[in-house]
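K.L.:
Can you read through this structure? Questions will come right after.
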Amino acid sequence: MNTFWRTFKVAAWLGWEMDSNWTEPWLFIVYSIIKPIAATFILILMYVVFAAIGQFNAGPLFDFMYVGNALFIFVGSTLFGTFQVIQSDREWYQTIRYIYISPISFYLYVMGRATSKILVSTFAVVITLAFGAFVLNPPVQISLSLSSIPVFIAGLLLGLFCLLAIGITLGGVTFLMARHTQTLAEAVPGIFYVFCGVLFPLTVLPGWLQGIGKAIPLTYWFDLSRRLLLSPADQSVLTPLTGLGDFSDRTILAFLAISSVVFFVLSLGVFKLGEYLARKAGKIDMTTSY
Amino acid sequence: MSGETARKEPTIRRSDLRFRIGLNLRSVLGRAYPRVIGANREPSWVFFEVFLPLLGIAAYVYIYQAFYGAQVAAIQAGTCGLIPCTSPADQLAHLQAAGERLNALVATVVLGGTMVAFWLNVLWSMASQLYWEKEIGNLQIYMMAPMSRMALLAGMAIGGMFMTSVRAISTLVAGIVVFGVIFQVADPLLLLAVFFVTLVALYGMGMMFASLYLLWGREAWNLSALLEEPIFFSSGMYFPAGGLFLVPTWGPAVAIAGSIVPAMLGLDALRQLTLPGTAPLPILPPVTELELLLVLAVLFLILAKFALAHLETLAKREGKLTSRHQ
């Protein structure tokens, strides 16, 4: 157990060092925040333009979009964090052979590396939400009650664990892929961006696409988090639009718990299979410079 | 036998104009070739390069559709704009106007999503390219070869433009088919002129960045990543850039700073030329924007040449051209 913890901890520290060692830590933090803040400003301007030329105020929908976009920072970072570990160690730094033959769990190593990205993105999420609540005028109606905090934290942890498991499941596939996994790292979050009701209520999508969204556990995580974060006034407008109003908070937590277990088991299986096939084909430390 | 021939015919160093033009044109073609032909040898790239921008476009289109849905519901409930509707005819007029605005905004997103493909290509396949070539060991070979380094960058740019144009057109067509956007081209010649001058200016900027990135070393990757969302924002890729002028204090400053990236003026002109009369919040007349784009194109090409010369001098002086991971 101690070895597992040490592997995880050192991998997380290594991830931080590798991501941030090109610059000073404070500059790295600024860099980590500018991208998501700029993405948020795109949405703000979209709303400003629509409200100005249409002479229409859709405050609750804007709040829905804003909070969804802030939480999506976790999705992009976690998935990218897990996809790129094997590839960067194998192709870029060419250190995978040394790490792979060391007496550690390679699965935990990947998980630790991705965790450092989650920690940095937590900072970006908090700043984005704080910006919306305290700087924007009119502000985003964020009101997390004390009684909702335990459910929010439970949902957040389950959602992040589920994300990590999805990431490692797909990361296991990268054992067998050439160096251009960037496309996979962009495609999967892109799919979640459209189908999980991140920026707009699920009911805006055509019916058959809503089905895809409802089959992805993250859809429920976004909905639960928004229910707990946004004000009751926003909720009264948004709940009929989400298409998930029939699910209670507890039901959603149960969904997330089951999904986390399923994806965890799946990630172990796919990771082991990818590793086995890569070893068999001699691809563990291949480099593909094209 | 071949060795004997080599001894009999020693290499002659030619420096006449005709030879140099031919050499550089062959270099342009040679560097463009892998981008035109080679890139299509990996079918998954083609799929992802068309599919991924479409996902981004879809997300932003559905945002406008969500706002539109809420507005239609409000009009049907009797609120036209910020005041109650005066009559059923007033209600109908507002519904029709809302539909036209939605088409214009969705078209704005579709065109912007297409331009995003070019900007990403400029960042990742132009600006970062020399740095990447250094990392995989090709740069020293380029530097030793007798052609102009500008020919090398021009080849990269022409190949990149062609490759991305094919992808961007596919994305545009898919966007039109999926979201039912209606474009009306008012002046095809001006449209083509704006499009090509925008590309030349954009890739000129990429050529300039290629040398600078090489100097900045490991920051290159992070810099490219940093120039994605902030530039999507300041160039108005997913909303009319004129919207920035609606934001008091910092909005106009961002818009003016953003116009350094040619995508902003190019997109604004393209939107005006494909949505005549309905393009929301235009900045300047398209002809004026074309003139400004021409200035930017020339400026970036000149700066690219200077940056490249500076890089070469530094490389010779410091001898770090082939050092990896720096």
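Here, A, B, ... name the chains of the structure tokens in the order displayed, residue numbers run from 1 inside each chain, and ligands are numbered from 1 in the same displayed order.
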Name all residues at most 7 Å from region 151-167 of chain A (count only C-alpha atoms; drop same-chain ones fewer than 3 positions away) and give them as a ChimeraX atom specification.

P.N.:
/A:75,78-79,82-83,148,170-171,218,221,225,228,253,256-257,259-260,263-264,267

K.L.:
Can I get the selected residues back with C-alpha atoms, as a short mmCIF file (atom, residue, chain, number, x, y, z; two decimals), in the first residue's frame?

P.N.:
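As a result, selection-v3.cif now contains:
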data_model
loop_
_atom_site.label_atom_id
_atom_site.label_comp_id
_atom_site.auth_asym_id
_atom_site.auth_seq_id
_atom_site.Cartn_x
_atom_site.Cartn_y
_atom_site.Cartn_z
CA VAL A 75 -12.81 17.35 -18.33
CA THR A 78 -8.10 15.22 -16.91
CA LEU A 79 -8.59 13.55 -20.26
CA THR A 82 -4.25 10.73 -19.04
CA PHE A 83 -4.00 10.47 -22.83
CA SER A 148 -25.39 21.10 -0.22
CA LEU A 170 -8.69 5.45 -23.53
CA GLY A 171 -5.09 6.03 -22.46
CA LEU A 218 -20.71 13.09 -17.09
CA TRP A 221 -22.38 15.12 -13.04
CA SER A 225 -23.16 20.26 -9.93
CA LEU A 228 -26.16 22.65 -6.31
CA LEU A 253 -24.97 10.27 -7.09
CA LEU A 256 -22.05 8.37 -10.75
CA ALA A 257 -20.92 5.79 -8.19
CA SER A 259 -20.36 4.55 -13.51
CA SER A 260 -17.14 5.12 -11.59
CA PHE A 263 -15.21 2.60 -15.80
CA PHE A 264 -12.60 1.75 -13.17
CA SER A 267 -9.89 0.97 -17.36
#

K.L.:
Pull the closest atom pair for each residue of chain A that gets at most 8 Å from chain B, along with the distance in Å to one decimal, counting only C-alpha atoms, ordering rows by chain and then ascending residue number, as CSV.

P.N.:
residue,atom,partner,partner_atom,distance
A:Trp22,CA,B:Glu219,CA,6.3
A:Thr23,CA,B:Glu219,CA,8.0
A:Tyr31,CA,B:Leu226,CA,7.2
A:Ile34,CA,B:Pro230,CA,7.5
A:Lys35,CA,B:Glu229,CA,5.7
A:Pro36,CA,B:Glu229,CA,7.6
A:Ala38,CA,B:Pro230,CA,4.9
A:Ala39,CA,B:Glu229,CA,5.5
A:Phe41,CA,B:Phe233,CA,6.7
A:Ile42,CA,B:Phe233,CA,5.1
A:Leu45,CA,B:Gly243,CA,6.7
A:Met46,CA,B:Phe239,CA,5.5
A:Val48,CA,B:Gly243,CA,7.2
A:Val49,CA,B:Gly243,CA,5.5
A:Phe50,CA,B:Phe67,CA,7.7
A:Ile53,CA,B:Pro280,CA,7.7
A:Gly54,CA,B:Gly81,CA,6.9
A:Gln55,CA,B:Gly81,CA,5.0
A:Phe56,CA,B:Gly81,CA,5.7
A:Ala58,CA,B:Phe67,CA,6.8
A:Leu61,CA,B:Phe67,CA,7.3
A:Thr183,CA,B:Phe48,CA,6.4
A:Glu186,CA,B:Leu52,CA,7.3
A:Ala187,CA,B:Leu52,CA,6.0
A:Gly190,CA,B:Leu55,CA,5.9
A:Ile191,CA,B:Leu55,CA,6.8
A:Tyr193,CA,B:Ala59,CA,6.8
A:Val194,CA,B:Ala59,CA,5.0
A:Leu199,CA,B:Ile63,CA,6.5
A:Phe200,CA,B:Ile63,CA,5.7
A:Pro201,CA,B:Ala66,CA,7.5
A:Val204,CA,B:Ala66,CA,6.0
A:Leu205,CA,B:Tyr62,CA,7.4
A:Ser289,CA,B:Ile136,CA,7.3

K.L.:
Output C-alpha atoms for every residue in the selection just made, as a compact mmCIF listing (two decimals), in the first residue's frame.

P.N.:
# COMPACT_ATOMS: atom_id res chain seq x y z
CA TRP A 22 9.69 25.59 -18.71
CA THR A 23 8.89 28.65 -16.66
CA TYR A 31 -0.72 30.36 -18.19
CA ILE A 34 -5.55 32.36 -19.25
CA LYS A 35 -6.75 29.63 -21.60
CA PRO A 36 -9.93 28.74 -19.70
CA ALA A 38 -10.36 33.23 -22.62
CA ALA A 39 -12.72 30.35 -23.45
CA PHE A 41 -14.90 35.22 -22.50
CA ILE A 42 -15.90 33.72 -25.85
CA LEU A 45 -19.27 37.76 -25.82
CA MET A 46 -21.64 35.34 -27.55
CA VAL A 48 -23.48 39.94 -25.11
CA VAL A 49 -23.92 39.91 -28.89
CA PHE A 50 -27.15 37.91 -28.76
CA ILE A 53 -28.85 42.53 -31.30
CA GLY A 54 -31.89 40.56 -30.15
CA GLN A 55 -32.79 42.90 -27.28
CA PHE A 56 -33.28 39.85 -25.12
CA ALA A 58 -31.57 35.12 -20.95
CA LEU A 61 -29.27 30.26 -19.64
CA THR A 183 -6.59 14.02 -32.05
CA GLU A 186 -9.36 16.55 -28.54
CA ALA A 187 -12.09 14.37 -30.00
CA GLY A 190 -15.21 17.53 -27.90
CA ILE A 191 -17.87 14.83 -27.88
CA TYR A 193 -18.66 19.20 -24.87
CA VAL A 194 -21.53 18.77 -27.31
CA LEU A 199 -23.11 24.75 -22.52
CA PHE A 200 -26.78 24.34 -23.32
CA PRO A 201 -29.62 22.23 -21.94
CA VAL A 204 -31.77 21.79 -27.35
CA LEU A 205 -30.26 18.77 -29.11
CA SER A 289 8.44 10.29 -35.87

K.L.:
So which bits of region 98-250 of chain A end up helix (DSSP H, G or I) when you DSSP the backbone, as number ranges by chain?

P.N.:
A: 98-101, 106-135, 146-176, 182-195, 202-204, 207-214, 217-229, 232-242, 249-250

K.L.:
Would you put the residues from that selection into a file with C-alpha atoms, as an mmCIF file, in the first residue's frame?

P.N.:
data_model
loop_
_atom_site.group_PDB
_atom_site.id
_atom_site.type_symbol
_atom_site.label_atom_id
_atom_site.label_comp_id
_atom_site.auth_asym_id
_atom_site.auth_seq_id
_atom_site.Cartn_x
_atom_site.Cartn_y
_atom_site.Cartn_z
ATOM 1 C CA TYR A 98 13.071 3.099 -17.485
ATOM 2 C CA ILE A 99 9.776 3.843 -15.790
ATOM 3 C CA TYR A 100 8.174 0.697 -17.155
ATOM 4 C CA ILE A 101 10.837 -1.658 -15.826
ATOM 5 C CA PHE A 106 2.356 1.695 -14.216
ATOM 6 C CA TYR A 107 -1.416 2.210 -13.938
ATOM 7 C CA LEU A 108 -0.961 4.210 -10.744
ATOM 8 C CA TYR A 109 1.886 6.119 -12.320
ATOM 9 C CA VAL A 110 -0.416 7.277 -15.142
ATOM 10 C CA MET A 111 -3.107 8.128 -12.618
ATOM 11 C CA GLY A 112 -0.652 10.172 -10.545
ATOM 12 C CA ARG A 113 0.569 12.082 -13.587
ATOM 13 C CA ALA A 114 -3.010 12.961 -14.519
ATOM 14 C CA THR A 115 -3.804 14.027 -10.966
ATOM 15 C CA SER A 116 -1.303 16.880 -11.158
ATOM 16 C CA LYS A 117 -3.336 18.267 -14.064
ATOM 17 C CA ILE A 118 -6.532 17.983 -12.031
ATOM 18 C CA LEU A 119 -4.952 19.991 -9.223
ATOM 19 C CA VAL A 120 -3.906 22.780 -11.576
ATOM 20 C CA SER A 121 -7.312 22.776 -13.251
ATOM 21 C CA THR A 122 -9.038 23.021 -9.855
ATOM 22 C CA PHE A 123 -7.363 26.365 -9.470
ATOM 23 C CA ALA A 124 -8.615 27.469 -12.901
ATOM 24 C CA VAL A 125 -12.176 26.291 -12.144
ATOM 25 C CA VAL A 126 -12.290 28.163 -8.825
ATOM 26 C CA ILE A 127 -10.959 31.357 -10.439
ATOM 27 C CA THR A 128 -13.427 31.124 -13.322
ATOM 28 C CA LEU A 129 -16.379 30.631 -10.966
ATOM 29 C CA ALA A 130 -15.182 33.425 -8.673
ATOM 30 C CA PHE A 131 -14.787 35.727 -11.683
ATOM 31 C CA GLY A 132 -18.373 35.009 -12.722
ATOM 32 C CA ALA A 133 -19.755 35.523 -9.234
ATOM 33 C CA PHE A 134 -17.791 38.593 -8.186
ATOM 34 C CA VAL A 135 -16.473 40.410 -11.273
ATOM 35 C CA LEU A 146 -23.910 24.795 3.452
ATOM 36 C CA SER A 147 -26.226 21.788 3.440
ATOM 37 C CA SER A 148 -25.393 21.100 -0.224
ATOM 38 C CA ILE A 149 -21.630 21.081 0.259
ATOM 39 C CA PRO A 150 -21.293 17.358 1.185
ATOM 40 C CA VAL A 151 -23.360 16.297 -1.851
ATOM 41 C CA PHE A 152 -21.384 18.681 -4.061
ATOM 42 C CA ILE A 153 -18.049 17.304 -2.847
ATOM 43 C CA ALA A 154 -19.239 13.707 -3.189
ATOM 44 C CA GLY A 155 -20.453 14.431 -6.726
ATOM 45 C CA LEU A 156 -17.221 16.212 -7.599
ATOM 46 C CA LEU A 157 -15.022 13.361 -6.355
ATOM 47 C CA LEU A 158 -17.120 10.735 -8.102
ATOM 48 C CA GLY A 159 -17.216 12.771 -11.290
ATOM 49 C CA LEU A 160 -13.454 13.283 -11.290
ATOM 50 C CA PHE A 161 -12.787 9.628 -10.530
ATOM 51 C CA CYS A 162 -15.109 8.623 -13.336
ATOM 52 C CA LEU A 163 -13.279 11.039 -15.648
ATOM 53 C CA LEU A 164 -9.914 9.615 -14.635
ATOM 54 C CA ALA A 165 -11.166 6.088 -15.273
ATOM 55 C CA ILE A 166 -12.517 7.077 -18.718
ATOM 56 C CA GLY A 167 -9.195 8.771 -19.448
ATOM 57 C CA ILE A 168 -7.118 5.754 -18.446
ATOM 58 C CA THR A 169 -9.404 3.441 -20.415
ATOM 59 C CA LEU A 170 -8.692 5.455 -23.531
ATOM 60 C CA GLY A 171 -5.091 6.025 -22.460
ATOM 61 C CA GLY A 172 -4.612 2.234 -22.496
ATOM 62 C CA VAL A 173 -5.379 2.339 -26.204
ATOM 63 C CA THR A 174 -2.505 4.771 -26.774
ATOM 64 C CA PHE A 175 -0.018 1.971 -26.015
ATOM 65 C CA LEU A 176 -0.785 0.801 -29.539
ATOM 66 C CA GLN A 182 -3.586 14.622 -29.841
ATOM 67 C CA THR A 183 -6.594 14.021 -32.053
ATOM 68 C CA LEU A 184 -8.030 11.505 -29.588
ATOM 69 C CA ALA A 185 -7.342 13.890 -26.721
ATOM 70 C CA GLU A 186 -9.357 16.554 -28.537
ATOM 71 C CA ALA A 187 -12.092 14.368 -30.000
ATOM 72 C CA VAL A 188 -13.294 12.754 -26.777
ATOM 73 C CA PRO A 189 -13.631 15.991 -24.775
ATOM 74 C CA GLY A 190 -15.209 17.527 -27.903
ATOM 75 C CA ILE A 191 -17.871 14.826 -27.876
ATOM 76 C CA PHE A 192 -18.534 15.437 -24.191
ATOM 77 C CA TYR A 193 -18.662 19.199 -24.866
ATOM 78 C CA VAL A 194 -21.529 18.766 -27.315
ATOM 79 C CA PHE A 195 -23.485 15.860 -25.868
ATOM 80 C CA LEU A 202 -29.793 18.732 -23.348
ATOM 81 C CA THR A 203 -33.266 19.393 -24.770
ATOM 82 C CA VAL A 204 -31.766 21.786 -27.345
ATOM 83 C CA GLY A 207 -34.029 13.764 -29.777
ATOM 84 C CA TRP A 208 -31.651 11.041 -30.956
ATOM 85 C CA LEU A 209 -28.623 13.059 -29.870
ATOM 86 C CA GLN A 210 -30.155 13.573 -26.421
ATOM 87 C CA GLY A 211 -30.024 9.768 -26.049
ATOM 88 C CA ILE A 212 -26.253 9.849 -26.527
ATOM 89 C CA GLY A 213 -25.958 12.548 -23.883
ATOM 90 C CA LYS A 214 -28.063 10.598 -21.396
ATOM 91 C CA PRO A 217 -22.274 9.634 -16.930
ATOM 92 C CA LEU A 218 -20.709 13.086 -17.094
ATOM 93 C CA THR A 219 -24.044 14.543 -18.225
ATOM 94 C CA TYR A 220 -25.444 13.729 -14.786
ATOM 95 C CA TRP A 221 -22.379 15.115 -13.037
ATOM 96 C CA PHE A 222 -22.747 18.450 -14.833
ATOM 97 C CA ASP A 223 -26.446 18.557 -14.019
ATOM 98 C CA LEU A 224 -25.970 17.723 -10.340
ATOM 99 C CA SER A 225 -23.159 20.256 -9.927
ATOM 100 C CA ARG A 226 -25.225 23.000 -11.535
ATOM 101 C CA ARG A 227 -28.265 22.182 -9.413
ATOM 102 C CA LEU A 228 -26.160 22.654 -6.307
ATOM 103 C CA LEU A 229 -24.217 25.689 -7.494
ATOM 104 C CA PRO A 232 -33.093 28.625 -6.849
ATOM 105 C CA ALA A 233 -34.320 31.404 -9.179
ATOM 106 C CA ASP A 234 -32.154 30.041 -12.001
ATOM 107 C CA GLN A 235 -33.178 26.498 -11.138
ATOM 108 C CA SER A 236 -36.872 27.216 -11.566
ATOM 109 C CA VAL A 237 -36.218 28.313 -15.172
ATOM 110 C CA LEU A 238 -33.606 25.688 -16.028
ATOM 111 C CA THR A 239 -34.965 22.478 -14.518
ATOM 112 C CA PRO A 240 -37.711 21.979 -17.136
ATOM 113 C CA LEU A 241 -35.134 22.520 -19.911
ATOM 114 C CA THR A 242 -32.467 20.055 -18.795
ATOM 115 C CA ASP A 249 -29.682 14.268 -6.390
ATOM 116 C CA ARG A 250 -29.285 10.874 -4.722
#

K.L.:
Just how far from CA of Leu23 (chain B) is CA of Ala210 (chain B), in Å to one decimal?

P.N.:
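Distance reported for this atom pair: 21.8 Å.
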
K.L.:
Can you tell me how far CA of Asn103 (chain B) sits from CA of Leu199 (chain B), in Å to one decimal?

P.N.:
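Between CA of Asn103 (chain B) and CA of Leu199 (chain B) the gap is 25.6 Å.
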
K.L.:
Could you name the residues that touch Ser102 (chain A) at 12 Å or less, counting only C-alpha atoms, but leaving out those on the same chain fewer than 5 positions away, as a list of chain:residue names?

P.N.:
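Once the adjacent positions are removed, what remains is A:Thr3, A:Thr7, A:Thr95, A:Ile96, A:Arg97, A:Tyr109.
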
K.L.:
Between CA of Arg6 (chain A) and CA of Ala278 (chain A), measure the distance and give it in Å to one decimal.

P.N.:
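Value for the CA of Arg6 (chain A)-CA of Ala278 (chain A) distance: 26.1 Å.
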
K.L.:
At a cut-off of 10 Å, using only C-alpha atoms, what residues contact Phe183 (chain B)? Leave out same-chain residues fewer than 6 positions from it and give the result as a list of chain:residue names.

P.N.:
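Here the qualifying residues turn out to be B:Asn103, B:Ala104, B:Ala107, B:Ile176, B:Arg271, B:Leu273, B:Thr274, B:Leu275, B:Pro276.
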
K.L.:
If you count only C-alpha atoms, which residues fall within 12 Å of Val200 (chain B), apart from same-chain ones fewer than 2 positions away, as a ChimeraX atom specification?

P.N.:
/B:118-119,122,154,157-158,160-162,193-198,202-207,261-263,266,290,293-301
